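Okay, structure08.pdb now, which holds PDB, N, CA and C atoms, pLDDT in the B column:
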ATOM      1  N   MET A   1      16.101  83.371 189.817  1.00 92.00           N
ATOM      2  CA  MET A   1      17.394  83.385 189.130  1.00 92.00           C
ATOM      3  C   MET A   1      17.979  84.803 189.115  1.00 92.00           C
ATOM      4  N   GLU A   2      17.125  85.820 188.988  1.00 95.00           N
ATOM      5  CA  GLU A   2      17.624  87.193 188.953  1.00 95.00           C
ATOM      6  C   GLU A   2      18.359  87.555 190.234  1.00 95.00           C
ATOM      7  N   GLU A   3      17.834  87.108 191.360  1.00 96.00           N
ATOM      8  CA  GLU A   3      18.464  87.400 192.655  1.00 96.00           C
ATOM      9  C   GLU A   3      19.840  86.735 192.751  1.00 96.00           C
ATOM     10  N   ILE A   4      19.933  85.526 192.239  1.00 96.00           N
ATOM     11  CA  ILE A   4      21.216  84.803 192.237  1.00 96.00           C
ATOM     12  C   ILE A   4      22.226  85.550 191.374  1.00 96.00           C
ATOM     13  N   ILE A   5      21.800  85.997 190.206  1.00 97.00           N
ATOM     14  CA  ILE A   5      22.701  86.724 189.306  1.00 97.00           C
ATOM     15  C   ILE A   5      23.189  88.008 189.973  1.00 97.00           C
ATOM     16  N   LYS A   6      22.315  88.703 190.674  1.00 98.00           N
ATOM     17  CA  LYS A   6      22.720  89.922 191.390  1.00 98.00           C
ATOM     18  C   LYS A   6      23.777  89.609 192.444  1.00 98.00           C
ATOM     19  N   LYS A   7      23.591  88.519 193.178  1.00 98.00           N
ATOM     20  CA  LYS A   7      24.562  88.114 194.192  1.00 98.00           C
ATOM     21  C   LYS A   7      25.910  87.773 193.553  1.00 98.00           C
ATOM     22  N   ILE A   8      25.866  87.084 192.416  1.00 98.00           N
ATOM     23  CA  ILE A   8      27.093  86.725 191.698  1.00 98.00           C
ATOM     24  C   ILE A   8      27.810  87.987 191.226  1.00 98.00           C
ATOM     25  N   GLU A   9      27.051  88.930 190.672  1.00 98.00           N
ATOM     26  CA  GLU A   9      27.652  90.186 190.205  1.00 98.00           C
ATOM     27  C   GLU A   9      28.297  90.950 191.358  1.00 98.00           C
ATOM     28  N   GLU A  10      27.660  90.963 192.525  1.00 98.00           N
ATOM     29  CA  GLU A  10      28.229  91.635 193.694  1.00 98.00           C
ATOM     30  C   GLU A  10      29.530  90.962 194.135  1.00 98.00           C
ATOM     31  N   SER A  11      29.540  89.650 194.112  1.00 97.00           N
ATOM     32  CA  SER A  11      30.739  88.910 194.490  1.00 97.00           C
ATOM     33  C   SER A  11      31.879  89.196 193.510  1.00 97.00           C
ATOM     34  N   ILE A  12      31.557  89.242 192.228  1.00 97.00           N
ATOM     35  CA  ILE A  12      32.570  89.541 191.204  1.00 97.00           C
ATOM     36  C   ILE A  12      33.126  90.946 191.412  1.00 97.00           C
ATOM     37  N   LYS A  13      32.281  91.898 191.797  1.00 97.00           N
ATOM     38  CA  LYS A  13      32.753  93.266 192.059  1.00 97.00           C
ATOM     39  C   LYS A  13      33.802  93.281 193.160  1.00 97.00           C
ATOM     40  N   GLU A  14      33.652  92.389 194.137  1.00 96.00           N
ATOM     41  CA  GLU A  14      34.617  92.313 195.233  1.00 96.00           C
ATOM     42  C   GLU A  14      35.939  91.685 194.786  1.00 96.00           C
ATOM     43  N   ILE A  15      35.890  90.816 193.795  1.00 94.00           N
ATOM     44  CA  ILE A  15      37.083  90.147 193.270  1.00 94.00           C
ATOM     45  C   ILE A  15      37.851  91.065 192.313  1.00 94.00           C
ATOM     46  N   ARG A  16      37.120  91.874 191.575  1.00 96.00           N
ATOM     47  CA  ARG A  16      37.685  92.684 190.496  1.00 96.00           C
ATOM     48  C   ARG A  16      38.939  93.492 190.881  1.00 96.00           C
ATOM     49  N   PRO A  17      38.959  94.194 192.028  1.00 96.00           N
ATOM     50  CA  PRO A  17      40.158  94.984 192.354  1.00 96.00           C
ATOM     51  C   PRO A  17      41.444  94.155 192.426  1.00 96.00           C
ATOM     52  N   PHE A  18      41.333  92.914 192.881  1.00 91.00           N
ATOM     53  CA  PHE A  18      42.510  92.050 192.959  1.00 91.00           C
ATOM     54  C   PHE A  18      43.004  91.677 191.562  1.00 91.00           C
ATOM     55  N   LEU A  19      42.079  91.427 190.653  1.00 93.00           N
ATOM     56  CA  LEU A  19      42.458  91.120 189.279  1.00 93.00           C
ATOM     57  C   LEU A  19      43.015  92.365 188.583  1.00 93.00           C
ATOM     58  N   ASN A  20      42.376  93.514 188.826  1.00 95.00           N
ATOM     59  CA  ASN A  20      42.840  94.779 188.246  1.00 95.00           C
ATOM     60  C   ASN A  20      44.271  95.089 188.675  1.00 95.00           C
ATOM     61  N   ALA A  21      44.611  94.776 189.909  1.00 94.00           N
ATOM     62  CA  ALA A  21      45.950  95.053 190.435  1.00 94.00           C
ATOM     63  C   ALA A  21      47.035  94.317 189.647  1.00 94.00           C
ATOM     64  N   ASP A  22      46.670  93.192 189.049  1.00 89.00           N
ATOM     65  CA  ASP A  22      47.612  92.420 188.236  1.00 89.00           C
ATOM     66  C   ASP A  22      47.421  92.666 186.741  1.00 89.00           C
ATOM     67  N   GLY A  23      46.658  93.690 186.390  1.00 93.00           N
ATOM     68  CA  GLY A  23      46.459  94.017 184.979  1.00 93.00           C
ATOM     69  C   GLY A  23      45.378  93.208 184.298  1.00 93.00           C
ATOM     70  N   GLY A  24      44.502  92.590 185.082  1.00 93.00           N
ATOM     71  CA  GLY A  24      43.446  91.766 184.502  1.00 93.00           C
ATOM     72  C   GLY A  24      42.068  92.255 184.891  1.00 93.00           C
ATOM     73  N   ASP A  25      41.078  91.504 184.462  1.00 95.00           N
ATOM     74  CA  ASP A  25      39.690  91.807 184.787  1.00 95.00           C
ATOM     75  C   ASP A  25      38.874  90.549 184.553  1.00 95.00           C
ATOM     76  N   ILE A  26      37.598  90.627 184.881  1.00 95.00           N
ATOM     77  CA  ILE A  26      36.691  89.490 184.720  1.00 95.00           C
ATOM     78  C   ILE A  26      35.342  90.012 184.256  1.00 95.00           C
ATOM     79  N   SER A  27      34.697  89.238 183.403  1.00 96.00           N
ATOM     80  CA  SER A  27      33.381  89.606 182.898  1.00 96.00           C
ATOM     81  C   SER A  27      32.442  88.411 183.043  1.00 96.00           C
ATOM     82  N   LEU A  28      31.276  88.650 183.615  1.00 97.00           N
ATOM     83  CA  LEU A  28      30.260  87.604 183.730  1.00 97.00           C
ATOM     84  C   LEU A  28      29.595  87.440 182.367  1.00 97.00           C
ATOM     85  N   ILE A  29      29.621  86.229 181.851  1.00 98.00           N
ATOM     86  CA  ILE A  29      29.034  85.944 180.534  1.00 98.00           C
ATOM     87  C   ILE A  29      27.635  85.347 180.678  1.00 98.00           C
ATOM     88  N   GLU A  30      27.501  84.339 181.545  1.00 97.00           N
ATOM     89  CA  GLU A  30      26.218  83.637 181.640  1.00 97.00           C
ATOM     90  C   GLU A  30      26.152  82.853 182.948  1.00 97.00           C
ATOM     91  N   VAL A  31      24.950  82.678 183.438  1.00 98.00           N
ATOM     92  CA  VAL A  31      24.680  81.740 184.527  1.00 98.00           C
ATOM     93  C   VAL A  31      23.676  80.742 183.965  1.00 98.00           C
ATOM     94  N   THR A  32      24.066  79.482 183.906  1.00 98.00           N
ATOM     95  CA  THR A  32      23.196  78.463 183.321  1.00 98.00           C
ATOM     96  C   THR A  32      22.085  78.095 184.306  1.00 98.00           C
ATOM     97  N   PRO A  33      21.027  77.437 183.824  1.00 97.00           N
ATOM     98  CA  PRO A  33      19.932  77.025 184.716  1.00 97.00           C
ATOM     99  C   PRO A  33      20.383  76.109 185.857  1.00 97.00           C
ATOM    100  N   ASP A  34      21.490  75.381 185.661  1.00 97.00           N
ATOM    101  CA  ASP A  34      22.007  74.518 186.733  1.00 97.00           C
ATOM    102  C   ASP A  34      23.128  75.201 187.526  1.00 97.00           C
ATOM    103  N   TYR A  35      23.179  76.538 187.449  1.00 97.00           N
ATOM    104  CA  TYR A  35      24.075  77.377 188.251  1.00 97.00           C
ATOM    105  C   TYR A  35      25.559  77.165 187.986  1.00 97.00           C
ATOM    106  N   VAL A  36      25.882  76.956 186.718  1.00 98.00           N
ATOM    107  CA  VAL A  36      27.281  77.009 186.294  1.00 98.00           C
ATOM    108  C   VAL A  36      27.504  78.443 185.821  1.00 98.00           C
ATOM    109  N   VAL A  37      28.508  79.092 186.406  1.00 98.00           N
ATOM    110  CA  VAL A  37      28.799  80.487 186.091  1.00 98.00           C
ATOM    111  C   VAL A  37      29.889  80.520 185.024  1.00 98.00           C
ATOM    112  N   LYS A  38      29.578  81.172 183.901  1.00 98.00           N
ATOM    113  CA  LYS A  38      30.542  81.299 182.810  1.00 98.00           C
ATOM    114  C   LYS A  38      31.099  82.714 182.835  1.00 98.00           C
ATOM    115  N   VAL A  39      32.424  82.810 182.909  1.00 97.00           N
ATOM    116  CA  VAL A  39      33.092  84.105 182.956  1.00 97.00           C
ATOM    117  C   VAL A  39      34.174  84.163 181.895  1.00 97.00           C
ATOM    118  N   LYS A  40      34.591  85.379 181.604  1.00 95.00           N
ATOM    119  CA  LYS A  40      35.724  85.579 180.702  1.00 95.00           C
ATOM    120  C   LYS A  40      36.773  86.350 181.478  1.00 95.00           C
ATOM    121  N   LEU A  41      37.974  85.791 181.542  1.00 94.00           N
ATOM    122  CA  LEU A  41      39.091  86.489 182.153  1.00 94.00           C
ATOM    123  C   LEU A  41      39.713  87.384 181.088  1.00 94.00           C
ATOM    124  N   LEU A  42      39.931  88.633 181.443  1.00 94.00           N
ATOM    125  CA  LEU A  42      40.373  89.642 180.474  1.00 94.00           C
ATOM    126  C   LEU A  42      41.751  90.182 180.831  1.00 94.00           C
ATOM    127  N   GLY A  43      42.366  90.869 179.880  1.00 92.00           N
ATOM    128  CA  GLY A  43      43.656  91.504 180.108  1.00 92.00           C
ATOM    129  C   GLY A  43      44.713  90.474 180.439  1.00 92.00           C
ATOM    130  N   ALA A  44      45.564  90.814 181.408  1.00 89.00           N
ATOM    131  CA  ALA A  44      46.650  89.918 181.798  1.00 89.00           C
ATOM    132  C   ALA A  44      46.127  88.575 182.290  1.00 89.00           C
ATOM    133  N   CYS A  45      44.941  88.557 182.886  1.00 84.00           N
ATOM    134  CA  CYS A  45      44.381  87.304 183.402  1.00 84.00           C
ATOM    135  C   CYS A  45      44.020  86.331 182.275  1.00 84.00           C
ATOM    136  N   GLY A  46      43.704  86.853 181.115  1.00 84.00           N
ATOM    137  CA  GLY A  46      43.318  85.995 180.002  1.00 84.00           C
ATOM    138  C   GLY A  46      44.467  85.182 179.445  1.00 84.00           C
ATOM    139  N   SER A  47      45.689  85.700 179.578  1.00 83.00           N
ATOM    140  CA  SER A  47      46.843  85.011 179.012  1.00 83.00           C
ATOM    141  C   SER A  47      47.816  84.505 180.069  1.00 83.00           C
ATOM    142  N   CYS A  48      47.480  84.675 181.322  1.00 82.00           N
ATOM    143  CA  CYS A  48      48.365  84.282 182.420  1.00 82.00           C
ATOM    144  C   CYS A  48      48.404  82.762 182.552  1.00 82.00           C
ATOM    145  N   PRO A  49      49.606  82.186 182.757  1.00 84.00           N
ATOM    146  CA  PRO A  49      49.678  80.733 182.941  1.00 84.00           C
ATOM    147  C   PRO A  49      48.996  80.257 184.225  1.00 84.00           C
ATOM    148  N   PHE A  50      48.714  81.172 185.150  1.00 84.00           N
ATOM    149  CA  PHE A  50      48.053  80.814 186.403  1.00 84.00           C
ATOM    150  C   PHE A  50      46.560  81.108 186.367  1.00 84.00           C
ATOM    151  N   SER A  51      46.017  81.399 185.192  1.00 87.00           N
ATOM    152  CA  SER A  51      44.606  81.792 185.108  1.00 87.00           C
ATOM    153  C   SER A  51      43.663  80.695 185.600  1.00 87.00           C
ATOM    154  N   LEU A  52      43.997  79.429 185.384  1.00 85.00           N
ATOM    155  CA  LEU A  52      43.134  78.345 185.871  1.00 85.00           C
ATOM    156  C   LEU A  52      43.119  78.330 187.395  1.00 85.00           C
ATOM    157  N   GLN A  53      44.275  78.553 188.018  1.00 88.00           N
ATOM    158  CA  GLN A  53      44.329  78.626 189.481  1.00 88.00           C
ATOM    159  C   GLN A  53      43.537  79.827 189.990  1.00 88.00           C
ATOM    160  N   THR A  54      43.698  80.955 189.317  1.00 87.00           N
ATOM    161  CA  THR A  54      42.937  82.153 189.693  1.00 87.00           C
ATOM    162  C   THR A  54      41.444  81.863 189.612  1.00 87.00           C
ATOM    163  N   LEU A  55      41.043  81.201 188.536  1.00 88.00           N
ATOM    164  CA  LEU A  55      39.630  80.908 188.323  1.00 88.00           C
ATOM    165  C   LEU A  55      39.092  79.961 189.394  1.00 88.00           C
ATOM    166  N   LYS A  56      39.777  78.861 189.634  1.00 87.00           N
ATOM    167  CA  LYS A  56      39.269  77.831 190.541  1.00 87.00           C
ATOM    168  C   LYS A  56      39.505  78.177 192.016  1.00 87.00           C
ATOM    169  N   LEU A  57      40.713  78.602 192.359  1.00 88.00           N
ATOM    170  CA  LEU A  57      41.050  78.838 193.764  1.00 88.00           C
ATOM    171  C   LEU A  57      40.634  80.221 194.248  1.00 88.00           C
ATOM    172  N   GLY A  58      40.491  81.143 193.324  1.00 91.00           N
ATOM    173  CA  GLY A  58      40.097  82.492 193.706  1.00 91.00           C
ATOM    174  C   GLY A  58      38.630  82.757 193.435  1.00 91.00           C
ATOM    175  N   VAL A  59      38.302  82.839 192.159  1.00 95.00           N
ATOM    176  CA  VAL A  59      36.951  83.231 191.743  1.00 95.00           C
ATOM    177  C   VAL A  59      35.907  82.192 192.166  1.00 95.00           C
ATOM    178  N   GLU A  60      36.134  80.940 191.825  1.00 95.00           N
ATOM    179  CA  GLU A  60      35.137  79.909 192.135  1.00 95.00           C
ATOM    180  C   GLU A  60      34.937  79.764 193.647  1.00 95.00           C
ATOM    181  N   ASP A  61      36.024  79.737 194.407  1.00 96.00           N
ATOM    182  CA  ASP A  61      35.880  79.603 195.864  1.00 96.00           C
ATOM    183  C   ASP A  61      35.067  80.747 196.450  1.00 96.00           C
ATOM    184  N   LYS A  62      35.358  81.975 196.033  1.00 96.00           N
ATOM    185  CA  LYS A  62      34.638  83.136 196.563  1.00 96.00           C
ATOM    186  C   LYS A  62      33.169  83.089 196.165  1.00 96.00           C
ATOM    187  N   LEU A  63      32.901  82.801 194.900  1.00 97.00           N
ATOM    188  CA  LEU A  63      31.502  82.756 194.455  1.00 97.00           C
ATOM    189  C   LEU A  63      30.720  81.678 195.201  1.00 97.00           C
ATOM    190  N   LYS A  64      31.321  80.521 195.411  1.00 97.00           N
ATOM    191  CA  LYS A  64      30.628  79.447 196.131  1.00 97.00           C
ATOM    192  C   LYS A  64      30.374  79.826 197.588  1.00 97.00           C
ATOM    193  N   ARG A  65      31.286  80.568 198.194  1.00 97.00           N
ATOM    194  CA  ARG A  65      31.069  81.027 199.574  1.00 97.00           C
ATOM    195  C   ARG A  65      29.949  82.057 199.634  1.00 97.00           C
ATOM    196  N   ASP A  66      29.977  83.008 198.675  1.00 98.00           N
ATOM    197  CA  ASP A  66      28.996  84.091 198.674  1.00 98.00           C
ATOM    198  C   ASP A  66      27.628  83.653 198.165  1.00 98.00           C
ATOM    199  N   VAL A  67      27.625  82.721 197.211  1.00 98.00           N
ATOM    200  CA  VAL A  67      26.379  82.265 196.570  1.00 98.00           C
ATOM    201  C   VAL A  67      26.406  80.732 196.544  1.00 98.00           C
ATOM    202  N   PRO A  68      25.937  80.086 197.595  1.00 97.00           N
ATOM    203  CA  PRO A  68      26.037  78.619 197.710  1.00 97.00           C
ATOM    204  C   PRO A  68      25.389  77.849 196.555  1.00 97.00           C
ATOM    205  N   GLU A  69      24.487  78.470 195.838  1.00 97.00           N
ATOM    206  CA  GLU A  69      23.839  77.786 194.706  1.00 97.00           C
ATOM    207  C   GLU A  69      24.808  77.520 193.554  1.00 97.00           C
ATOM    208  N   VAL A  70      25.894  78.279 193.467  1.00 98.00           N
ATOM    209  CA  VAL A  70      26.864  78.135 192.372  1.00 98.00           C
ATOM    210  C   VAL A  70      27.498  76.742 192.449  1.00 98.00           C
ATOM    211  N   LYS A  71      27.442  76.030 191.334  1.00 98.00           N
ATOM    212  CA  LYS A  71      28.008  74.669 191.258  1.00 98.00           C
ATOM    213  C   LYS A  71      29.447  74.683 190.762  1.00 98.00           C
ATOM    214  N   GLU A  72      29.724  75.568 189.792  1.00 97.00           N
ATOM    215  CA  GLU A  72      31.048  75.589 189.163  1.00 97.00           C
ATOM    216  C   GLU A  72      31.219  76.923 188.456  1.00 97.00           C
ATOM    217  N   VAL A  73      32.480  77.331 188.291  1.00 96.00           N
ATOM    218  CA  VAL A  73      32.806  78.517 187.507  1.00 96.00           C
ATOM    219  C   VAL A  73      33.727  78.052 186.389  1.00 96.00           C
ATOM    220  N   VAL A  74      33.388  78.406 185.156  1.00 96.00           N
ATOM    221  CA  VAL A  74      34.191  78.013 184.006  1.00 96.00           C
ATOM    222  C   VAL A  74      34.509  79.246 183.164  1.00 96.00           C
ATOM    223  N   ALA A  75      35.673  79.189 182.527  1.00 93.00           N
ATOM    224  CA  ALA A  75      36.079  80.264 181.626  1.00 93.00           C
ATOM    225  C   ALA A  75      35.604  79.935 180.211  1.00 93.00           C
ATOM    226  N   VAL A  76      35.158  80.959 179.518  1.00 92.00           N
ATOM    227  CA  VAL A  76      34.726  80.789 178.125  1.00 92.00           C
ATOM    228  C   VAL A  76      35.560  81.663 177.224  1.00 92.00           C
TER     229      VAL A  76
END

Before anything else, please render the file you have as structure tokens.
Amino acid sequence: MEEIIKKIEESIKEIRPFLNADGGDISLIEVTPDYVVKVKLLGACGSCPFSLQTLKLGVEDKLKRDVPEVKEVVAV
């Protein structure tokens, strides 16, 4: 599980500059035993009406490509 978390953190680091450019950020909260990744969207991303699209079409797609074990990404 530790190796998976490291891969997820690396993938998030690659996403972060794009979120920062729009005044937002992302924080990894938890990875569940069944590989559901819980994140918190911060700054502008936390209140943006497109945050669900950002989460599913951006963050989740990238994490699933980089870390195939990831089943889903959810905001907390």

List the neighbours of range 11-21 of chain A out to 8 Å using all atoms listed in the file; skip same-chain residues closer than 6 positions along the sequence, and give me the result as a ChimeraX atom specification. /A:5,28,44-45,58-59,62-63,66-67

Using the chain letters and numbers from this document, which residues of range 17-71 of chain A does DSSP assign to strand (DSSP E or B), as a ChimeraX atom specification? /A:24-31,36-43

Selected residue, from A:Lys64, A:Lys56, A:Lys40, A:Lys6, that lies nearest to Val76 in chain A when counting only C-alpha atoms: A:Lys40

I need the residues of chain A that end up classed as alpha helix (DSSP H) by DSSP on the backbone, written out as a ChimeraX atom specification. /A:2-21,44-47,51-53,61-66
